[in-house]
Every structure is written in structure tokens, then in C-alpha cells.
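Since the structure comes first, as C-alpha cells, the remarks are kept for the end.
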Amino acid sequence: MVEIKKKNSSDVIPVGGPLLIGNEAKYVNDCISTGMISSLGGYSERFEKSWAAYCGRKHGIAVSNGTAALQVAVDALHLVSGDEVIIPSFTIISCVLAVIRAGATPILVDCDPETFCLDLSQVAAAITQRTRAIMVVHMYGHPVDMDAIMEIAHKHKLFIIEDAAQAHGCEYLSQRDGNNRWMRCGGLGTVSTFSFYANKIITTGEGGMVLTDDDDIADRSRGLRNLYFGPNRFAHEELGYNFRLSNLQAAIGFAQVERIDEILARKRSIGALYDELFANIQGVRVQTKRSWARVNYWMYGLVIDDDIPIDAIEFARRLKERGVDTRPFFKGMHEQRPFHKRGLFCGLKFPITERLSRRGLYLPSGVSLTEEQIRIVATAIQGALN
């Protein structure tokens, strides 16, 4: 594992952070020297093409953030009032917001207690005559079992919206049609989305992208991203958004894609060391890794065993005292007050999501993490559990 020098041994170990040691500065300086700092400029197209190609996709449409990517992806499917989209409750609020703002209805399901991804049996049970799409979320760097989802979607003629925000470089072993094929996450849905926030494996600070092989979805996504300007620029045929990504941000992203194999190797070495250290720590469980998944260890999560008399909030406080920063797991969408005020999800119970949200957190996982820091984290966890 290549070592990165720690700045100050007394600092709290942060949850995440980028490592910008490639061509990022060179390409950004190129944008500045040429004046191409808005959404215009060559880096936007290079970033789109390179990331789409890496994920095995035909089209890439860069946008301002991952939430914007979800909104564009959902809107591009022409959903109407009464249409239903099945979504895991255990996810970020952006997933449900995109569906609501498109005028459709989100239908929640619980998640698998081991992979934290959506419960496939509940997906099948949630389908009605009004279902138009399934939104899958590859959780904390572990892929969803996509063969099962694709089979359901094919049977019921549904779109698959693939949220790959946390799954940069992850791969899924598809065995459909009798062929064993490793496929990259982001290349499996009807339309797929990414976030390039600062804590993501590929980062542009803020940013996102929509990927698809469908020409019509791609054209509509480009229109939605850019206020739906027409041939006569200020004569608009539809309502769109100003979700453009700047050339400066795209320059950083393009430089990151050049180093994706190196970045993934480092993330996986960090995760492997955590795996080794936590194998001997009692009282916590880690996300299970399936044989058909190549994970990226985007964030390394822990769930406290039920017989440990503290919750995630107290666990995080104890770790902070020991110099380790953390983040809580997602709170289920069915427990979010803004949705209850709209009359959504009232009275729903999803026990797995609720347990994860109360007893789960993730640890420092950034690409700049050192071996020394990882061992400090493991020691702090043992101390915080006692």
C-alpha cells in the first residue's frame, strides 16, 4: 500500500478527501489560460466521452451534481402523474425528490441486511399496473444483484434507473442468457447516474453525469440540462434546468478518469486492510461482499451488534473523542418529515432500514488515508466498544 504522508498526527482523521496528484492542475490551468471556464470548452466533452466509455456506455451527459443527474434521468423517461417508481427506503433523499418533482409516485421497499442494497423480493411484490420504473442504488460501493432486477424489468416492461453515485468502477457478474460477463456499474440500467462530489472516487468537487445507450434519452437529457434551448436559442419547446457542469470541473474529472485504475487499487487496498483488522473485532459487522460483486470500498461501513448497549450516535461521539471522524448511515425515506407532510410514507415500517440507520456509520475511507491512520481507526473502534 503506497503511503501518503499525514499532515498532522494530532488532527482528527477525516471521513474522506480527494488526492489530486495527476493532471488536474495542468488541465485547470489550461482552462484558465484559454478563458474556457464556463460549460463551454473541450474538457466537458472529453470527460463525458471518457467516463461513458469506461462504463461501457454510448452517451454521457455531464451535469452540475448527482441530484441533478437523477432529476434529468427521471425526467428524460417521460413519467406522468400516477406512474410509480420503486425505490429503496435506505438511500439519499435525492432519489425520491427526483421522482416527486417529475410528478410520479415513489414506492418504497426495504433493503437487504447484508449488502444494504434493495430487497429483491420486495421489489417484485411492489409492482402494480402503474409501475413504470425501478430505481436501484448500488450502496456504499456494493452492486445490486442486477440480473434479478433486469429479469423483473424485462417481464413487466419497466425502465431501470441505476443510481451508481457510490459505485465508480464497481463490477457485476451478469449470468443472463448463460453468459458470464463482468459489467461495470453505470452500464446496466436504461439510464444511469453518477455523482462526482468531493468524497467520491472520481471527483469534480461538485458534479454528476447521466449515462445511457438510448439516443432519445440522451438527446432529452442534454435538453433538460441546458434550459431546453432550441435552434432559435430563446424559443423553448419544453421546461428544462440550468444543470451545466463547468469546463473547470470537467477538467478535474477528466484527469481523474485517467487515473481511475490507480485510484481504485488504492481504495481496495484500504478496504482490504480494514477487512483484515475488523476480522478480529467483536461487536460490529461489515457489509457483506457477494461473489458476483467487485466492490470499490467507496465508504467502509460498520453496523453495531444489537447486544452492544450504544447506538450509532454514541459510537460516533466516542470515536470523535479518539480522533476519528465518521458519518451516519442514511435515515430511511419513510421516516423523513418532509414526506410525511405531503402525506407520503406515513405509517410505513422497514425494520432493516431502521436498524441500519440507528446502528450504522461509516469510517474514514478517503483515498488519501494512510496505513497508520487505518490502524488508529481500528484501535479507536475497539476502545469505543468497551
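Starting from 1 in every chain, residues are counted up; chains themselves are A, B, ... following the order of the C-alpha cells, and ligands are numbered from 1 as listed.
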
- Task: Mind the document's chain letters and residue numbers, and return as a PyMOL selection string the residues of region 222-336 of chain A that DSSP labels alpha helix (DSSP H).
- Result: chain A and resi 222-225+247-258+260-278+312-321

Give me the residues within 6 Å of region 131-145 of chain A as a JSON list (two decimals) with all heavy atoms, in the first residue's frame, counting only C-alpha atoms and dropping any in the same chain fewer than 4 places off.
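Saved file out.json follows:
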```json
[["chain", "number", "residue", "atom", "x", "y", "z"],
["A", 83, "ASP", "N", -47.82, 7.47, -12.44],
["A", 83, "ASP", "CA", -46.76, 6.48, -12.66],
["A", 83, "ASP", "C", -46.03, 6.22, -11.35],
["A", 83, "ASP", "O", -45.82, 7.14, -10.55],
["A", 83, "ASP", "CB", -45.76, 6.98, -13.70],
["A", 83, "ASP", "CG", -46.31, 6.95, -15.11],
["A", 83, "ASP", "OD1", -47.34, 6.30, -15.33],
["A", 83, "ASP", "OD2", -45.69, 7.59, -15.99],
["A", 84, "GLU", "N", -45.60, 4.99, -11.14],
["A", 84, "GLU", "CA", -44.91, 4.61, -9.91],
["A", 84, "GLU", "C", -43.48, 4.18, -10.19],
["A", 84, "GLU", "O", -43.19, 3.53, -11.20],
["A", 84, "GLU", "CB", -45.65, 3.46, -9.21],
["A", 84, "GLU", "CG", -47.05, 3.86, -8.73],
["A", 84, "GLU", "CD", -47.81, 2.70, -8.11],
["A", 84, "GLU", "OE1", -47.35, 1.54, -8.23],
["A", 84, "GLU", "OE2", -48.88, 2.95, -7.51],
["A", 85, "VAL", "N", -42.60, 4.57, -9.27],
["A", 85, "VAL", "CA", -41.20, 4.18, -9.34],
["A", 85, "VAL", "C", -40.82, 3.53, -8.02],
["A", 85, "VAL", "O", -40.99, 4.12, -6.96],
["A", 85, "VAL", "CB", -40.28, 5.39, -9.60],
["A", 85, "VAL", "CG1", -38.81, 4.96, -9.65],
["A", 85, "VAL", "CG2", -40.67, 6.12, -10.89],
["A", 86, "ILE", "N", -40.32, 2.30, -8.08],
["A", 86, "ILE", "CA", -39.92, 1.57, -6.87],
["A", 86, "ILE", "C", -38.51, 1.99, -6.49],
["A", 86, "ILE", "O", -37.60, 2.00, -7.32],
["A", 86, "ILE", "CB", -39.99, 0.05, -7.13],
["A", 86, "ILE", "CG1", -41.44, -0.37, -7.43],
["A", 86, "ILE", "CG2", -39.45, -0.72, -5.92],
["A", 86, "ILE", "CD1", -41.57, -1.79, -7.91],
["A", 87, "ILE", "N", -38.34, 2.34, -5.20],
["A", 87, "ILE", "CA", -37.08, 2.91, -4.71],
["A", 87, "ILE", "C", -36.78, 2.30, -3.34],
["A", 87, "ILE", "O", -37.69, 2.12, -2.53],
["A", 87, "ILE", "CB", -37.19, 4.45, -4.54],
["A", 87, "ILE", "CG1", -37.61, 5.11, -5.84],
["A", 87, "ILE", "CG2", -35.89, 5.06, -4.04],
["A", 87, "ILE", "CD1", -37.85, 6.62, -5.70],
["A", 117, "CYS", "N", -28.29, -3.16, -0.04],
["A", 117, "CYS", "CA", -28.99, -2.80, -1.27],
["A", 117, "CYS", "C", -30.45, -3.25, -1.17],
["A", 117, "CYS", "O", -30.82, -4.01, -0.29],
["A", 117, "CYS", "CB", -28.32, -3.46, -2.47],
["A", 117, "CYS", "SG", -26.61, -2.94, -2.75],
["A", 127, "ILE", "N", -44.69, -4.33, -7.43],
["A", 127, "ILE", "CA", -45.08, -3.97, -8.80],
["A", 127, "ILE", "C", -46.59, -3.99, -8.96],
["A", 127, "ILE", "O", -47.27, -4.92, -8.52],
["A", 127, "ILE", "CB", -44.41, -4.92, -9.81],
["A", 127, "ILE", "CG1", -42.89, -4.68, -9.82],
["A", 127, "ILE", "CG2", -44.98, -4.73, -11.20],
["A", 127, "ILE", "CD1", -42.13, -5.66, -10.65],
["A", 158, "LEU", "N", -40.37, -2.48, -17.70],
["A", 158, "LEU", "CA", -40.06, -1.34, -16.84],
["A", 158, "LEU", "C", -38.70, -0.75, -17.18],
["A", 158, "LEU", "O", -37.79, -1.45, -17.63],
["A", 158, "LEU", "CB", -40.05, -1.78, -15.37],
["A", 158, "LEU", "CG", -41.30, -2.49, -14.85],
["A", 158, "LEU", "CD1", -41.07, -2.92, -13.40],
["A", 158, "LEU", "CD2", -42.52, -1.60, -14.97],
["A", 159, "PHE", "N", -38.58, 0.55, -16.95],
["A", 159, "PHE", "CA", -37.27, 1.20, -17.02],
["A", 159, "PHE", "C", -36.46, 0.84, -15.77],
["A", 159, "PHE", "O", -37.03, 0.62, -14.69],
["A", 159, "PHE", "CB", -37.42, 2.73, -17.05],
["A", 159, "PHE", "CG", -38.14, 3.27, -18.24],
["A", 159, "PHE", "CD1", -39.33, 3.98, -18.08],
["A", 159, "PHE", "CD2", -37.65, 3.09, -19.52],
["A", 159, "PHE", "CE1", -40.01, 4.51, -19.17],
["A", 159, "PHE", "CE2", -38.32, 3.60, -20.63],
["A", 159, "PHE", "CZ", -39.50, 4.31, -20.45],
["A", 160, "ILE", "N", -35.14, 0.82, -15.91],
["A", 160, "ILE", "CA", -34.25, 0.72, -14.76],
["A", 160, "ILE", "C", -33.45, 2.02, -14.67],
["A", 160, "ILE", "O", -32.73, 2.38, -15.60],
["A", 160, "ILE", "CB", -33.27, -0.46, -14.88],
["A", 160, "ILE", "CG1", -34.03, -1.79, -14.94],
["A", 160, "ILE", "CG2", -32.29, -0.46, -13.71],
["A", 160, "ILE", "CD1", -33.12, -2.98, -15.20],
["A", 161, "ILE", "N", -33.64, 2.72, -13.55],
["A", 161, "ILE", "CA", -32.85, 3.92, -13.25],
["A", 161, "ILE", "C", -31.75, 3.47, -12.30],
["A", 161, "ILE", "O", -32.02, 3.06, -11.18],
["A", 161, "ILE", "CB", -33.72, 5.02, -12.61],
["A", 161, "ILE", "CG1", -34.93, 5.33, -13.49],
["A", 161, "ILE", "CG2", -32.88, 6.27, -12.34],
["A", 161, "ILE", "CD1", -36.03, 6.08, -12.75],
["A", 162, "GLU", "N", -30.52, 3.53, -12.75],
["A", 162, "GLU", "CA", -29.40, 2.98, -12.00],
["A", 162, "GLU", "C", -28.61, 4.10, -11.33],
["A", 162, "GLU", "O", -27.89, 4.85, -12.01],
["A", 162, "GLU", "CB", -28.49, 2.17, -12.94],
["A", 162, "GLU", "CG", -27.33, 1.49, -12.24],
["A", 162, "GLU", "CD", -26.34, 0.88, -13.21],
["A", 162, "GLU", "OE1", -26.47, 1.12, -14.44],
["A", 162, "GLU", "OE2", -25.42, 0.20, -12.75],
["A", 163, "ASP", "N", -28.75, 4.24, -10.02],
["A", 163, "ASP", "CA", -28.00, 5.24, -9.26],
["A", 163, "ASP", "C", -26.65, 4.62, -8.88],
["A", 163, "ASP", "O", -26.56, 3.83, -7.95],
["A", 163, "ASP", "CB", -28.78, 5.66, -8.02],
["A", 163, "ASP", "CG", -28.07, 6.73, -7.21],
["A", 163, "ASP", "OD1", -26.90, 7.04, -7.51],
["A", 163, "ASP", "OD2", -28.66, 7.24, -6.24],
["A", 164, "ALA", "N", -25.63, 5.01, -9.63],
["A", 164, "ALA", "CA", -24.27, 4.49, -9.41],
["A", 164, "ALA", "C", -23.37, 5.52, -8.76],
["A", 164, "ALA", "O", -22.14, 5.46, -8.90],
["A", 164, "ALA", "CB", -23.67, 4.01, -10.73],
["A", 166, "GLN", "N", -22.30, 5.91, -5.87],
["A", 166, "GLN", "CA", -21.32, 5.38, -4.92],
["A", 166, "GLN", "C", -20.55, 4.20, -5.51],
["A", 166, "GLN", "O", -19.80, 3.53, -4.79],
["A", 166, "GLN", "CB", -22.04, 4.92, -3.66],
["A", 166, "GLN", "CG", -22.89, 6.00, -3.01],
["A", 166, "GLN", "CD", -23.85, 5.44, -1.97],
["A", 166, "GLN", "OE1", -23.54, 4.48, -1.27],
["A", 166, "GLN", "NE2", -25.02, 6.05, -1.85],
["A", 167, "ALA", "N", -20.72, 3.93, -6.79],
["A", 167, "ALA", "CA", -20.24, 2.68, -7.37],
["A", 167, "ALA", "C", -19.24, 2.87, -8.51],
["A", 167, "ALA", "O", -19.16, 2.04, -9.41],
["A", 167, "ALA", "CB", -21.42, 1.85, -7.85],
["A", 295, "VAL", "N", -16.40, -4.90, -5.50],
["A", 295, "VAL", "CA", -16.73, -3.67, -4.78],
["A", 295, "VAL", "C", -15.60, -2.66, -4.94],
["A", 295, "VAL", "O", -14.47, -3.01, -5.31],
["A", 295, "VAL", "CB", -17.01, -3.96, -3.30],
["A", 295, "VAL", "CG1", -18.12, -4.98, -3.15],
["A", 295, "VAL", "CG2", -15.75, -4.43, -2.58],
["A", 296, "ASN", "N", -15.90, -1.41, -4.61],
["A", 296, "ASN", "CA", -14.86, -0.36, -4.69],
["A", 296, "ASN", "C", -14.48, 0.22, -3.33],
["A", 296, "ASN", "O", -13.64, 1.10, -3.26],
["A", 296, "ASN", "CB", -15.30, 0.76, -5.63],
["A", 296, "ASN", "CG", -16.50, 1.55, -5.10],
["A", 296, "ASN", "OD1", -16.96, 1.34, -3.98],
["A", 296, "ASN", "ND2", -17.01, 2.47, -5.90],
["A", 297, "TYR", "N", -15.13, -0.27, -2.25],
["A", 297, "TYR", "CA", -14.87, 0.24, -0.90],
["A", 297, "TYR", "C", -15.02, 1.76, -0.86],
["A", 297, "TYR", "O", -14.24, 2.44, -0.21],
["A", 297, "TYR", "CB", -13.47, -0.16, -0.43],
["A", 297, "TYR", "CG", -13.30, -1.62, -0.11],
["A", 297, "TYR", "CD1", -12.67, -2.47, -1.02],
["A", 297, "TYR", "CD2", -13.75, -2.16, 1.08],
["A", 297, "TYR", "CE1", -12.48, -3.82, -0.73],
["A", 297, "TYR", "CE2", -13.57, -3.51, 1.38],
["A", 297, "TYR", "CZ", -12.94, -4.33, 0.47],
["A", 297, "TYR", "OH", -12.75, -5.66, 0.76],
["A", 298, "TRP", "N", -16.06, 2.28, -1.52],
["A", 298, "TRP", "CA", -16.23, 3.74, -1.52],
["A", 298, "TRP", "C", -16.25, 4.27, -0.09],
["A", 298, "TRP", "O", -15.51, 5.18, 0.25],
["A", 298, "TRP", "CB", -17.50, 4.15, -2.25],
["A", 298, "TRP", "CG", -17.79, 5.61, -2.06],
["A", 298, "TRP", "CD1", -17.01, 6.66, -2.49],
["A", 298, "TRP", "CD2", -18.87, 6.20, -1.35],
["A", 298, "TRP", "NE1", -17.55, 7.86, -2.09],
["A", 298, "TRP", "CE2", -18.70, 7.61, -1.39],
["A", 298, "TRP", "CE3", -19.98, 5.69, -0.68],
["A", 298, "TRP", "CZ2", -19.59, 8.49, -0.80],
["A", 298, "TRP", "CZ3", -20.87, 6.57, -0.09],
["A", 298, "TRP", "CH2", -20.67, 7.95, -0.15],
["A", 299, "MET", "N", -17.11, 3.72, 0.74],
["A", 299, "MET", "CA", -17.12, 4.05, 2.16],
["A", 299, "MET", "C", -17.16, 2.75, 2.95],
["A", 299, "MET", "O", -17.90, 1.83, 2.59],
["A", 299, "MET", "CB", -18.32, 4.92, 2.55],
["A", 299, "MET", "CG", -18.18, 6.36, 2.10],
["A", 299, "MET", "SD", -16.85, 7.21, 2.98],
["A", 299, "MET", "CE", -16.72, 8.72, 2.02]]
```

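For the choices A:Gly56, A:Asn232, A:Ala68, A:Ser246, the atom-to-atom distance to Met36 (chain A) is smallest for A:Ser246 when using only C-alpha atoms.
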
- Taking the backbone alone, and naming residues the way the document does, which bits of region 134-376 of chain A are strand (DSSP E) by DSSP, as number ranges by chain? A: 134-137, 159-163, 171-174, 181-184, 191-195, 208-212, 284-286, 293-294, 301-304, 327-328, 360-362

- Task: Check the smallest atom-to-atom distance from each of A:Arg225, A:His236, A:Arg318, A:Lys267 to Leu385 (chain A) using only C-alpha atoms, then report the winner.
- Result: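 Comparing A:Arg225, A:His236, A:Arg318, A:Lys267 against Leu385 (chain A), the winner is A:Arg318.
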